[in-house]
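Novice: Quick one: structure below, then a few questions.
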Amino acid sequence: MTNIQYLAPATLDEAVRAFAAAEGAARILAGGTDLLVQMQSGFAKPGMIVDVKKIPELMAIEETAGGGFIVGAAVSGATLERHPTFGKIWPGALEALNLIGSTQVQGRASFGGNLCNGSPAADSVPGLVAAGATVTIQGPNGRRELAVEDVPAGPGKTNLAPGEIAVSFTFPAHPAHSGDAYLRMIPRTEMDIAVVGCGVFLTMDGETCTAARVALGAVAPTVRRVPDAEAALIGSHLDDAALETAAAACRAACNPIDDKRGTIAYRTSVAGVLLKRTVAIAAERAAQA
Amino acid sequence: MTKIHVTTTINGEPEEFLCDPNETMLDALRNRLGLTGAKEGCATGDCGACSITLDGTLVCACLMLAAESDGHEITTIEGMAEGENLHPLQTKFLESAALQCGICTPGFLIAAKALLDENPDPTETEVRFWLAGNLCRCTGYDKIIRAVMDTAAEMREAAQ
């Protein structure tokens, strides 16, 4: 075993300094549910592990005006589940995070880790994109904010610059009569990786949809926001014709792989099915919100 | 490799140990602290045989570094019984033969206790989903699920 260092800095500045100085030899440790598996298999051989869970900002959950939230990048799904209001306002984002792995994994897995691991099938990422979340990033050159959909760059790759650390996720204010939802298709009922994931956020004015965000996971090298599906939903009554147009847009947005979990044709077809089912849940939540 | 000095609490008792920077909590429990109740099944977070709680939250000891336990509270299967008195889940698992080879049992017990601590009246579906990350290759799960449901019912009754 080569020499390896473990650091658990109490401040973000210290973490960024150490992470940047290690020049790519370091890995960030949030929940560790991907990193430790990668180390175990020899896929990752970090010279330094920077544990970010002692940094208060990465572990905080703050409710902002109008149902907005700032969620620390290393907050676990179990912690977020116990929050008194987050899951009531953003049930789709929460269920996306808590579809990952087992109860044990949910005790540790975080939005930040799921996003930065760069898996095209990351469950929470379409949920975050549908919610309209942005991620605050801090690096050697200071702070910046990116839309979540602009972070993934391909399997295992992100657009974070060297030395940059995901700090927190900002959920916008939650308009009245809005709802979010996330569904994924897996070959079994639990403990598997998405064949297709679909996140939807809707705002309704009576029967008319006035705003929509649609995001697909596991059907392309990165999460896909589907503007054509959103356009088909906005202004509609979520009637069959609008849903079919949106489903077709989702199928058209797919550029998936063939693997043991699903063929290209299957993933593409399921993307349309999930869009309709996810819209139905989001619409029901919007009606109650 | 420079060792890390860890100060933690395990099953309510203060504990100090030295570990390697990349050593898992599971290896520290088993190889340094003599707590061999948590088992290594897969070492990749799939089987739940190494289930412990970290500040009351159910986690896999194989997916956690020992160094991360510094300043936190760990509970393991060794802390479940009170002296000679088994926890009701342990008693029920024995009575209803909710185990065969037993290697998954500590993980199931820790996970089931974490569920009942949070939700004393779970549905069967909730029990099955909660325990989906604990694998058993012997029992076919039914006896385990029934044992958890029965224990929950008895504990609710006892609490009244």
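If you're wondering about the labels, chains in the structure tokens are A, B, ... by order shown, residues count from 1 in each chain, ligands from 1 in order shown.
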From segment 8-150 of chain B, collect each residue whose DSSP state is strand (DSSP E or B) and return the set as a PyMOL selection string.
Specialist: chain B and resi 8-10+13-19+24+51-54+57-60+65+73-75+82+85
Novice: Within 8 Å of Ala78 of chain A, counting only C-alpha atoms, which residues qualify if same-chain residues fewer than 6 places away don't, as a list of chain:residue names?
Specialist: A:Asn98, A:Gln106, A:Gly107, A:Arg108, B:Thr57
Novice: Ranking B:Ser69, B:Thr91, B:Ser51, B:Thr75 by minimum distance to Gly133 of chain B and counting only C-alpha atoms, which one comes first?
Specialist: B:Ser51
Novice: Determine, counting only C-alpha atoms, which protein, DNA and RNA residues have an atom within 7 Å of an atom of segment 261-273 of chain A; residues of the same chain fewer than 2 positions away are not included. Present the result as a PyMOL selection string.
Specialist: chain A and resi 187+195-196+219+247-248+250-251+254+256-259+275-277
Novice: Could you write out the selected residues, including C-alpha atoms, as an mmCIF file, in the first residue's frame?
Specialist:
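For reference, out_15.cif as written:
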```cif
data_model
loop_
_atom_site.group_PDB
_atom_site.id
_atom_site.type_symbol
_atom_site.label_atom_id
_atom_site.label_comp_id
_atom_site.auth_asym_id
_atom_site.auth_seq_id
_atom_site.Cartn_x
_atom_site.Cartn_y
_atom_site.Cartn_z
ATOM 1 C CA PRO A 187 -35.175 -4.667 -13.117
ATOM 2 C CA VAL A 195 -32.232 1.750 -16.373
ATOM 3 C CA VAL A 196 -34.017 5.074 -16.790
ATOM 4 C CA VAL A 219 -30.205 7.337 -21.057
ATOM 5 C CA ALA A 247 -42.967 11.411 -24.092
ATOM 6 C CA ALA A 248 -41.826 11.489 -27.726
ATOM 7 C CA CYS A 250 -38.029 12.209 -24.033
ATOM 8 C CA ARG A 251 -37.548 9.242 -26.352
ATOM 9 C CA CYS A 254 -32.197 9.351 -25.380
ATOM 10 C CA PRO A 256 -28.320 5.266 -24.174
ATOM 11 C CA ILE A 257 -26.041 2.274 -23.931
ATOM 12 C CA ASP A 258 -26.958 -1.378 -24.356
ATOM 13 C CA ASP A 259 -26.099 -3.346 -21.247
ATOM 14 C CA LEU A 275 -42.265 10.711 -18.265
ATOM 15 C CA LYS A 276 -46.025 10.155 -18.219
ATOM 16 C CA ARG A 277 -46.026 8.451 -14.824
#
```
Novice: Based on only C-alpha atoms, which of the residues in chain A come within 10 Å of chain B? I want them as an mmCIF file with C-alpha atoms, in the first residue's frame.
Specialist:
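Resulting contents of part11.cif:
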```cif
data_model
loop_
_atom_site.group_PDB
_atom_site.id
_atom_site.type_symbol
_atom_site.label_atom_id
_atom_site.label_comp_id
_atom_site.auth_asym_id
_atom_site.auth_seq_id
_atom_site.Cartn_x
_atom_site.Cartn_y
_atom_site.Cartn_z
ATOM 1 C CA MET A 1 0.000 0.000 0.000
ATOM 2 C CA THR A 2 1.384 3.386 -0.948
ATOM 3 C CA ASN A 3 1.429 6.169 1.571
ATOM 4 C CA ILE A 4 -1.965 7.696 1.990
ATOM 5 C CA GLN A 5 -3.070 10.654 4.029
ATOM 6 C CA TYR A 6 -6.418 11.275 5.683
ATOM 7 C CA LEU A 7 -7.450 14.840 6.425
ATOM 8 C CA ALA A 8 -10.676 16.040 8.009
ATOM 9 C CA LEU A 29 -14.764 11.880 0.980
ATOM 10 C CA GLY A 31 -20.491 9.575 2.370
ATOM 11 C CA GLY A 32 -17.853 7.285 0.894
ATOM 12 C CA THR A 33 -20.390 4.938 -0.689
ATOM 13 C CA ASP A 34 -18.672 5.239 -4.072
ATOM 14 C CA LEU A 35 -15.138 6.181 -3.026
ATOM 15 C CA LEU A 36 -14.596 3.293 -0.614
ATOM 16 C CA VAL A 37 -15.929 0.784 -3.141
ATOM 17 C CA GLN A 38 -13.554 2.223 -5.738
ATOM 18 C CA MET A 39 -10.645 2.016 -3.312
ATOM 19 C CA GLN A 40 -11.576 -1.527 -2.353
ATOM 20 C CA SER A 41 -11.519 -2.625 -6.000
ATOM 21 C CA PRO A 46 -5.882 8.294 -3.822
ATOM 22 C CA GLY A 47 -2.749 9.636 -2.157
ATOM 23 C CA MET A 48 -4.929 11.796 0.045
ATOM 24 C CA ILE A 49 -8.480 11.591 1.320
ATOM 25 C CA ASP A 51 -13.108 14.182 4.487
ATOM 26 C CA LYS A 53 -17.935 16.188 6.860
ATOM 27 C CA LYS A 54 -16.373 18.333 9.585
ATOM 28 C CA ALA A 78 -31.100 9.802 6.069
ATOM 29 C CA THR A 79 -30.442 13.231 7.598
ATOM 30 C CA GLY A 101 -28.713 1.822 -2.558
ATOM 31 C CA SER A 102 -29.874 0.389 0.739
ATOM 32 C CA THR A 103 -30.940 1.982 4.023
ATOM 33 C CA GLN A 104 -27.294 1.637 5.043
ATOM 34 C CA VAL A 105 -26.112 3.490 1.932
ATOM 35 C CA GLN A 106 -28.766 6.169 2.428
ATOM 36 C CA GLY A 107 -27.296 6.717 5.887
ATOM 37 C CA ARG A 108 -24.221 8.131 4.172
ATOM 38 C CA ALA A 109 -24.888 8.957 0.499
ATOM 39 C CA THR A 189 -37.776 -3.631 -6.726
ATOM 40 C CA GLU A 190 -34.819 -2.289 -4.732
ATOM 41 C CA MET A 191 -31.031 -2.060 -4.600
#
```
Novice: If you count only C-alpha atoms, which residues fall within 12 Å of Cys136 of chain B, apart from same-chain ones fewer than 5 positions away, as a ChimeraX atom specification?
Specialist: /B:41,46-49,98-108,131,141-145
Novice: Identify which of the residues B:Gly140, B:Met80, B:Thr125, B:Phe93 lies closest to Lys113 of chain B, counting only C-alpha atoms when measuring atom-to-atom distances.
Specialist: B:Met80
Novice: Set the distance at 7 Å and use only C-alpha atoms: which residues neighbour Ile10 of chain B once local chain neighbours fewer than 5 positions away are removed? I'd like the list as a ChimeraX atom specification.
Specialist: /B:15,73-75
Novice: Go ahead and save the residues from that selection, with N, CA and C atoms, as a PDB file, in the first residue's frame.
Specialist:
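File written: selection-v8.pdb
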```
ATOM      1  N   GLU B  15     -13.509   4.837  23.686  1.00  0.00           N
ATOM      2  CA  GLU B  15     -12.546   3.915  23.066  1.00  0.00           C
ATOM      3  C   GLU B  15     -11.513   4.747  22.315  1.00  0.00           C
ATOM      4  N   GLU B  73     -20.365   8.365  17.772  1.00  0.00           N
ATOM      5  CA  GLU B  73     -20.796   7.202  18.553  1.00  0.00           C
ATOM      6  C   GLU B  73     -21.159   6.051  17.645  1.00  0.00           C
ATOM      7  N   ILE B  74     -20.525   4.919  17.910  1.00  0.00           N
ATOM      8  CA  ILE B  74     -20.747   3.701  17.130  1.00  0.00           C
ATOM      9  C   ILE B  74     -21.498   2.698  18.004  1.00  0.00           C
ATOM     10  N   THR B  75     -22.472   2.015  17.430  1.00  0.00           N
ATOM     11  CA  THR B  75     -22.976   0.831  18.135  1.00  0.00           C
ATOM     12  C   THR B  75     -22.853  -0.376  17.214  1.00  0.00           C
TER      13      THR B  75
END
```
Novice: Under the rule of at most 9 Å, produce a per-residue listing of segment 165-267 of chain A near segment 56-59 of chain A: chain, number, name, the closest pair of atoms, and the distance in Å, as a tab-separated table, using only C-alpha atoms.
Specialist:
```
residue	atom	partner	partner_atom	distance
A:Ala166	CA	A:Leu58	CA	8.4
A:Val167	CA	A:Leu58	CA	5.5
A:Ser168	CA	A:Leu58	CA	6.1
```
Novice: Pick out the residues sitting within 9 Å of Leu238 of chain A, and hand them over as a list of chain:residue names; count only C-alpha atoms, and ignore anything fewer than 3 positions along from it in its own chain.
Specialist: A:Glu207, A:Thr208, A:Cys209, A:Ala232, A:Leu233, A:Ile234, A:Gly235, A:Ala241, A:Ala242, A:Leu243, A:Val279, A:Ala280, A:Ala283
Novice: Could you check the closest approach to Pro88 of chain B for each of B:Phe17, B:Leu109, B:Val6, B:Asn119 and tell me which residue wins, using only C-alpha atoms?
Specialist: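 Looking at the shortest contact to Pro88 of chain B, the residue is B:Leu109.
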Novice: How many Å separate atom CA of Ala289 of chain A from atom CA of Thr203 of chain A?
Specialist: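 Between atom CA of Ala289 of chain A and atom CA of Thr203 of chain A the gap is 9.7 Å.
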Novice: Return the single residue from A:Gly199, A:Gly163, A:Pro9, A:Gly156 that is closest to Gln138 of chain A, with distances computed using only C-alpha atoms.
Specialist: A:Gly163
